[in-house]
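Beneath this line is the structure, given in structure tokens, with notes to follow.
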Amino acid sequence: MTAPRPPRFEYDDVTVLGDDGPIVAGFSAAVPADGLTVLVGPSGAGKTTLLRLLNRLDDPDGGVVRLDGTDVRDLDVLELRRRVQLVGQVPVAFPGTVADNLGPGAPELLERVGLPAVLLARDADRLSVGEAQRMSLARALGRRPDVLALDEPTSALDTASKSGVEALIRRLADEGLTVVMVTHDPRHATDLADHVVQVAPAPRTAP
Amino acid sequence: MIAALDAAAHAAGSGGSGTLTGPISFGDVGLSVFLVVIAVAASRWRRLGLERDMVVATGRSFVQLVAVGYVLDFVFGGQGWLTPIVLSVMVATAAWTSGSRARQVPGSYLVAVGAIVVGTAGTLGVLGAFRIVPLSARAVIPLGSMVITSVMNTTSLVMTRLRDDLAASRREVEARLSLGQTSYEASLPWHRQALRSGMLPSVDQTKVVGLVALPGAMTGMILAGASPLAAIRLQLVVMYMLLGGNAFAALVAAQLTVRRLFTPAHQLIRSLRQVPD
């Protein structure tokens, strides 16, 4: 009998304070190393904040976030970010062509996210939102990450683009990447996720 | 260039025909206030609401310039050892002004001190080391004041531009950080823009000098009776000094501002981060 794999991430009693009180208060959860984990919860529950703790765009005010058992603050932050690629809700195209955005291995990366090679020479800011989101995913994959952290990656997309990007994310998880995704779409929890982590809003301190 | 300054001093002492080297009395100054009265009247007539500001500005400028006139008269009259103190007061005032302008940059006052000191000391140091100007109070204080004023504006511009641009582009900055770039790499496009915007005014000013404007140092020397050829040599030194000083100050201001806008863990400081959901 094989021992269960340790979690990829652990949130241990994590608190993040905002200007108007706690955004996250005493949150604990584990993100398994395999498959696609979805963080679901109402707007304002701190899901994006929890995601940003994974690659240290934010640090918690209390508690610990661990990657493979090590406090992320004890890791080299640049290496942590290479390993944990975060893709935001709104795709960001840097100046230049798609090839410029992707760097070395651009044709293979484009193929991996299901975009035609003809787009390589196109100005990145002339892509559709759906194409730009795929390009953002390709750019992140180019760093050879262990983890993809996705912040509502389909919320800015139309229905057709949405299903394509969802299928791509599912495929990346099946290929062995740890995928952590924030969503407010309950359908993602039922149809797409291997694991679901519920995020409840932090109780607000009474004025 | 020492000769140019000497020529100016000589001309100031001799009082050539048609020059302004004869004494301007406080009565003459009072008469010139008539122009301010016209400006105040125009403001009142057009309901600009600037009358009070104009009166305050007139009063302040009178008090400040009279005070500095007496201070300089004292320093130039054999108290040259006070020169570093005078320059320090100028730097402190400029840093305070520039730091206040960019208050949203944490530690903006220290950034301003660093940039203004480097810009000023760098240029005056080069001018002094090459003996381009004499290291006397009469040369160093006016030149220092010109470079301090100019680098103060550059420093404010670089700090505010960099902070505002990074705040406006935080999504792209964080996308770059997420890809594993350092804070320096992630801020580089806006860093360059801030440097350009900080340095362009002095570059443009240098380009059009003599064609659009006869700048202060040259005008002052000509009014004092120096030969225009001596005046332009000094002016050229001043323009190149300002160009160099602004470059020094802009580089330092941008570098220090980036450090203040990111944490050591290559995160945007909290006030610039994306608002969480």
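We name chains A, B, ... following the order of the structure tokens; residues begin at 1 in each chain, and ligands are numbered from 1 as shown.
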
- Message: Residues within 12 Å of stretch 123-130 of chain A, please, as a PyMOL selection string. Count only C-alpha atoms; anything in the same chain fewer than 3 positions from it doesn't count.
- Response: chain A and resi 89-102+113-115+118-120+133-137+139+153-166+168

- Query: Within 8 Å of B:Val113, counting only C-alpha atoms, which residues qualify if same-chain residues fewer than 6 places away don't, as an MDAnalysis selection string?
  - Reply: chainID B and resid 91:92 95

Cut-off 12 Å: closest chain B/chain A atom pairs per residue, using only C-alpha atoms, as a tab-separated table:
residue	atom	partner	partner_atom	distance
B:Ser169	CA	A:Val92	CA	10.3
B:Arg170	CA	A:Val92	CA	10.7
B:Arg171	CA	A:Val92	CA	7.5
B:Glu172	CA	A:Val92	CA	6.1
B:Val173	CA	A:Val92	CA	9.6
B:Glu174	CA	A:Leu57	CA	7.5
B:Ala175	CA	A:Val92	CA	7.0
B:Arg176	CA	A:Phe94	CA	8.9
B:Leu177	CA	A:Arg81	CA	7.8
B:Ser178	CA	A:Arg81	CA	5.7
B:Leu179	CA	A:Arg82	CA	6.2
B:Gly180	CA	A:Leu78	CA	5.0
B:Gln181	CA	A:Leu78	CA	7.1
B:Thr182	CA	A:Leu78	CA	7.2
B:Ser183	CA	A:Leu78	CA	10.1
B:Glu185	CA	A:Leu78	CA	11.9
B:Ala186	CA	A:Phe94	CA	11.2
B:Pro189	CA	A:Pro95	CA	9.9
B:Phe262	CA	A:Leu57	CA	10.7
B:Thr263	CA	A:Leu57	CA	10.1
B:Pro264	CA	A:Val77	CA	9.7
B:Ala265	CA	A:Val77	CA	6.4
B:His266	CA	A:Val77	CA	7.7
B:Gln267	CA	A:Leu57	CA	5.5
B:Leu268	CA	A:Leu57	CA	7.6
B:Ile269	CA	A:Asp58	CA	9.3
B:Arg270	CA	A:Asp58	CA	8.3
B:Ser271	CA	A:Asp19	CA	9.9
B:Leu272	CA	A:Leu57	CA	11.5
B:Arg273	CA	A:Leu57	CA	8.5
B:Gln274	CA	A:Thr49	CA	9.5
B:Val275	CA	A:Thr49	CA	8.9
B:Pro276	CA	A:Thr49	CA	5.7
B:Asp277	CA	A:Gly44	CA	4.8

- Task: Would you mind writing down, as a list in words, each residue of stretch 107-160 of chain A that DSSP on the backbone assigns to helix (DSSP H, G or I)?
- Result: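 Those residues are Pro107, Glu108, Leu109, Leu110, Glu111, Arg112, Ala117, Val118, Leu119, Leu120, Ala121, Ala124, Asp125, Arg126, Val129, Gly130, Glu131, Ala132, Gln133, Arg134, Met135, Ser136, Leu137, Ala138, Arg139, Ala140, Leu141, Thr159 and Ala160 of chain A.
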
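A straight line drawn from atom CA of A:Phe27 to atom CA of A:Leu177 is 24.3 Å long.
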
- B:Val126 environment, 12 Å, only C-alpha atoms, sequence neighbours closer than 3 positions dropped, as an NGL selection string: :B and (118-123 or 129-135 or 237 or 240-241 or 244-245)

- Coordinates-based distance that separates atom CA of B:Ser227 from atom CA of B:Leu87 (Å, one decimal): 28.7 Å

- Task: Give the strand (DSSP E or B) residues of stretch 12-203 of chain A, as DSSP finds them on the backbone, and put them as an NGL selection string.
- Result: :A and (12-18 or 21-31 or 36-40 or 62-67 or 70-71 or 84-87 or 97 or 123 or 147-151 or 178-183 or 195-198)

- Task: With a distance cut-off of 10 Å and only C-alpha atoms, select the neighbouring residues of A:Leu172, excluding the residue or stretch itself and same-chain residues fewer than 2 positions from it, and output the selection as a list of chain:residue names.
- Result: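 Once the nearby chain positions are removed, what remains is A:Gly35, A:Leu36, A:Arg112, A:Val113, A:Leu141, A:Leu148, A:Glu166, A:Ala167, A:Leu168, A:Ile169, A:Arg170, A:Asp174, A:Glu175, A:Gly176, A:Leu177, A:Thr178, A:Val179.
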
Output N, CA, C and O atoms for every residue in that selection, as a CSV table (one decimal), in the first residue's frame.
chain,number,residue,atom,x,y,z
A,35,GLY,N,-3.8,16.9,-10.0
A,35,GLY,CA,-5.1,17.4,-10.5
A,35,GLY,C,-5.4,18.8,-10.4
A,35,GLY,O,-4.5,19.7,-10.1
A,36,LEU,N,-6.6,19.1,-10.5
A,36,LEU,CA,-7.1,20.5,-10.5
A,36,LEU,C,-7.9,20.8,-9.3
A,36,LEU,O,-8.9,20.2,-9.0
A,112,ARG,N,0.8,23.9,-27.8
A,112,ARG,CA,0.4,23.3,-26.6
A,112,ARG,C,-0.9,23.9,-26.1
A,112,ARG,O,-1.7,23.2,-25.4
A,113,VAL,N,-1.1,25.2,-26.3
A,113,VAL,CA,-2.4,25.8,-25.8
A,113,VAL,C,-3.4,25.9,-27.0
A,113,VAL,O,-4.4,26.6,-26.8
A,141,LEU,N,3.6,28.5,-19.2
A,141,LEU,CA,4.1,27.2,-19.3
A,141,LEU,C,5.5,27.2,-19.8
A,141,LEU,O,6.3,26.2,-19.5
A,148,LEU,N,0.3,25.7,-11.8
A,148,LEU,CA,-0.4,26.8,-12.4
A,148,LEU,C,-1.4,27.4,-11.5
A,148,LEU,O,-2.3,26.6,-11.0
A,166,GLU,N,-11.3,26.2,-20.7
A,166,GLU,CA,-11.6,25.2,-19.7
A,166,GLU,C,-11.0,23.8,-20.1
A,166,GLU,O,-10.4,23.1,-19.2
A,167,ALA,N,-11.2,23.4,-21.3
A,167,ALA,CA,-10.7,22.1,-21.8
A,167,ALA,C,-9.2,22.1,-21.7
A,167,ALA,O,-8.6,21.1,-21.3
A,168,LEU,N,-8.6,23.2,-22.1
A,168,LEU,CA,-7.1,23.3,-22.0
A,168,LEU,C,-6.6,23.2,-20.6
A,168,LEU,O,-5.7,22.4,-20.3
A,169,ILE,N,-7.3,23.8,-19.6
A,169,ILE,CA,-6.9,23.8,-18.2
A,169,ILE,C,-7.0,22.3,-17.7
A,169,ILE,O,-6.1,21.8,-17.0
A,170,ARG,N,-8.1,21.7,-18.1
A,170,ARG,CA,-8.3,20.3,-17.7
A,170,ARG,C,-7.2,19.4,-18.2
A,170,ARG,O,-6.7,18.5,-17.5
A,174,ASP,N,-4.4,17.1,-16.4
A,174,ASP,CA,-4.3,15.7,-16.6
A,174,ASP,C,-2.8,15.3,-17.0
A,174,ASP,O,-2.4,14.2,-16.9
A,175,GLU,N,-2.1,16.3,-17.6
A,175,GLU,CA,-0.7,16.0,-18.0
A,175,GLU,C,0.2,16.0,-16.8
A,175,GLU,O,1.4,15.8,-16.9
A,176,GLY,N,-0.3,16.3,-15.6
A,176,GLY,CA,0.5,16.2,-14.4
A,176,GLY,C,0.8,17.5,-13.6
A,176,GLY,O,1.5,17.5,-12.6
A,177,LEU,N,0.4,18.6,-14.2
A,177,LEU,CA,0.6,19.9,-13.5
A,177,LEU,C,-0.3,20.0,-12.4
A,177,LEU,O,-1.5,19.6,-12.4
A,178,THR,N,0.1,20.6,-11.3
A,178,THR,CA,-0.8,21.0,-10.2
A,178,THR,C,-1.5,22.3,-10.6
A,178,THR,O,-0.8,23.3,-11.0
A,179,VAL,N,-2.8,22.3,-10.7
A,179,VAL,CA,-3.5,23.5,-11.1
A,179,VAL,C,-4.4,23.9,-10.0
A,179,VAL,O,-5.2,23.1,-9.5

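Among B:Val117, B:Ala226, B:Ala137, B:Leu236, the residue with the shortest atom-to-atom distance to B:Ala250, counting only C-alpha atoms, is B:Val117.
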
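Take atom CA of A:Leu192 and atom CA of A:Ala30: the distance between them is 18.3 Å.
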
- Message: Applying 9 Å and only C-alpha atoms, which residues near A:Val38 remain after dropping the ones on its own chain fewer than 2 positions away? List them as a list in words.
- Response: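 Here the qualifying residues turn out to be Leu36, Val40, Val179, Val180, Met181, Val182, Thr183, His188, Ala189, Leu192, Ala193, Asp194, His195, Val196, Val197 and Gln198 of chain A.
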
For the selection just defined, write its residues with N, CA, C and O atoms to a file, as a compact mmCIF listing (two decimals), in the first residue's frame.
# COMPACT_ATOMS: atom_id res chain seq x y z
N LEU A 36 -6.65 19.14 -10.51
CA LEU A 36 -7.13 20.52 -10.54
C LEU A 36 -7.93 20.81 -9.26
O LEU A 36 -8.93 20.15 -8.98
N VAL A 40 -13.51 27.93 -4.38
CA VAL A 40 -14.81 28.56 -4.67
C VAL A 40 -15.28 29.33 -3.44
O VAL A 40 -14.96 28.96 -2.30
N VAL A 179 -2.79 22.25 -10.74
CA VAL A 179 -3.50 23.47 -11.15
C VAL A 179 -4.41 23.91 -10.00
O VAL A 179 -5.19 23.11 -9.47
N VAL A 180 -4.24 25.17 -9.59
CA VAL A 180 -5.11 25.76 -8.56
C VAL A 180 -5.86 26.89 -9.23
O VAL A 180 -5.25 27.77 -9.85
N MET A 181 -7.17 26.86 -9.14
CA MET A 181 -7.96 27.85 -9.88
C MET A 181 -8.99 28.49 -8.96
O MET A 181 -9.69 27.81 -8.21
N VAL A 182 -9.03 29.80 -9.03
CA VAL A 182 -10.07 30.55 -8.31
C VAL A 182 -11.24 30.75 -9.24
O VAL A 182 -11.05 31.08 -10.42
N THR A 183 -12.43 30.54 -8.74
CA THR A 183 -13.60 30.76 -9.59
C THR A 183 -14.80 31.14 -8.73
O THR A 183 -14.84 30.84 -7.53
N HIS A 188 -17.70 25.11 -12.33
CA HIS A 188 -16.31 24.65 -12.36
C HIS A 188 -16.06 23.62 -11.25
O HIS A 188 -15.29 22.68 -11.43
N ALA A 189 -16.71 23.83 -10.10
CA ALA A 189 -16.52 22.90 -8.98
C ALA A 189 -17.10 21.54 -9.32
O ALA A 189 -16.52 20.50 -8.97
N LEU A 192 -15.42 20.52 -13.51
CA LEU A 192 -14.02 20.64 -13.93
C LEU A 192 -13.05 20.14 -12.85
O LEU A 192 -12.00 19.59 -13.17
N ALA A 193 -13.41 20.34 -11.59
CA ALA A 193 -12.43 20.17 -10.51
C ALA A 193 -12.24 18.71 -10.10
O ALA A 193 -13.16 17.91 -10.16
N ASP A 194 -11.00 18.43 -9.67
CA ASP A 194 -10.75 17.17 -8.98
C ASP A 194 -10.96 17.36 -7.47
O ASP A 194 -11.33 16.43 -6.76
N HIS A 195 -10.63 18.56 -7.01
CA HIS A 195 -10.75 18.87 -5.58
C HIS A 195 -11.36 20.26 -5.44
O HIS A 195 -11.08 21.14 -6.26
N VAL A 196 -12.16 20.42 -4.41
CA VAL A 196 -12.81 21.72 -4.19
C VAL A 196 -12.47 22.21 -2.79
O VAL A 196 -12.53 21.45 -1.82
N VAL A 197 -12.05 23.47 -2.72
CA VAL A 197 -11.80 24.10 -1.41
C VAL A 197 -12.78 25.25 -1.28
O VAL A 197 -12.80 26.16 -2.13
N GLN A 198 -13.62 25.19 -0.27
CA GLN A 198 -14.59 26.26 -0.03
C GLN A 198 -13.91 27.39 0.74
O GLN A 198 -13.21 27.14 1.72

- Which one is closest to B:Gly114: B:Arg163, B:Ser43, B:Leu256, B:Ser202? Count only C-alpha atoms. B:Leu256

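For B:Gly216, the list of residues within 12 Å, based on only C-alpha atoms and with local chain neighbours fewer than 2 positions off taken out, reads Pro142, Leu143, Met146, Val209, Gly210, Ala213, Leu214, Met218, Thr219, Gly220, Met221, Ile222, Leu223, Ala224, Ala231, Ile232, Leu234, Gln235, Leu236, Val238 and Met239 of chain B.
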
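Within 9 Å of B:Val158, once only C-alpha atoms are used and residues closer than 4 positions along the same chain are dropped, the contacting residues are B:Asn153, B:Thr154, B:Leu162, B:Arg163, B:His191, B:Gln193, B:Ala194, B:Leu195, B:Arg196, B:Ser197, B:Gly198, B:Met199, B:Ala250, B:Leu251, B:Ala253, B:Ala254, B:Thr257.
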
Store the residues picked out above, limited to C-alpha atoms, as a CSV table (one decimal), in the first residue's frame.
chain,number,residue,atom,x,y,z
B,153,ASN,CA,12.2,69.5,-10.6
B,154,THR,CA,13.7,66.5,-12.4
B,162,LEU,CA,7.4,56.3,-11.8
B,163,ARG,CA,4.9,55.9,-9.0
B,191,HIS,CA,11.7,53.2,-15.3
B,193,GLN,CA,9.8,56.3,-19.4
B,194,ALA,CA,10.3,58.1,-16.1
B,195,LEU,CA,14.0,58.8,-16.9
B,196,ARG,CA,13.0,60.1,-20.3
B,197,SER,CA,10.3,62.4,-18.9
B,198,GLY,CA,12.7,63.6,-16.2
B,199,MET,CA,15.6,64.4,-18.6
B,250,ALA,CA,17.1,61.2,-12.7
B,251,LEU,CA,19.1,58.0,-12.5
B,253,ALA,CA,15.8,59.2,-8.2
B,254,ALA,CA,14.5,56.3,-10.5
B,257,THR,CA,12.1,55.1,-6.1

- Query: Between B:Trp190, B:Gly107, B:Phe34, B:Ser61, which has the minimum distance to B:Arg260 (counting only C-alpha atoms)?
  - Reply: B:Gly107
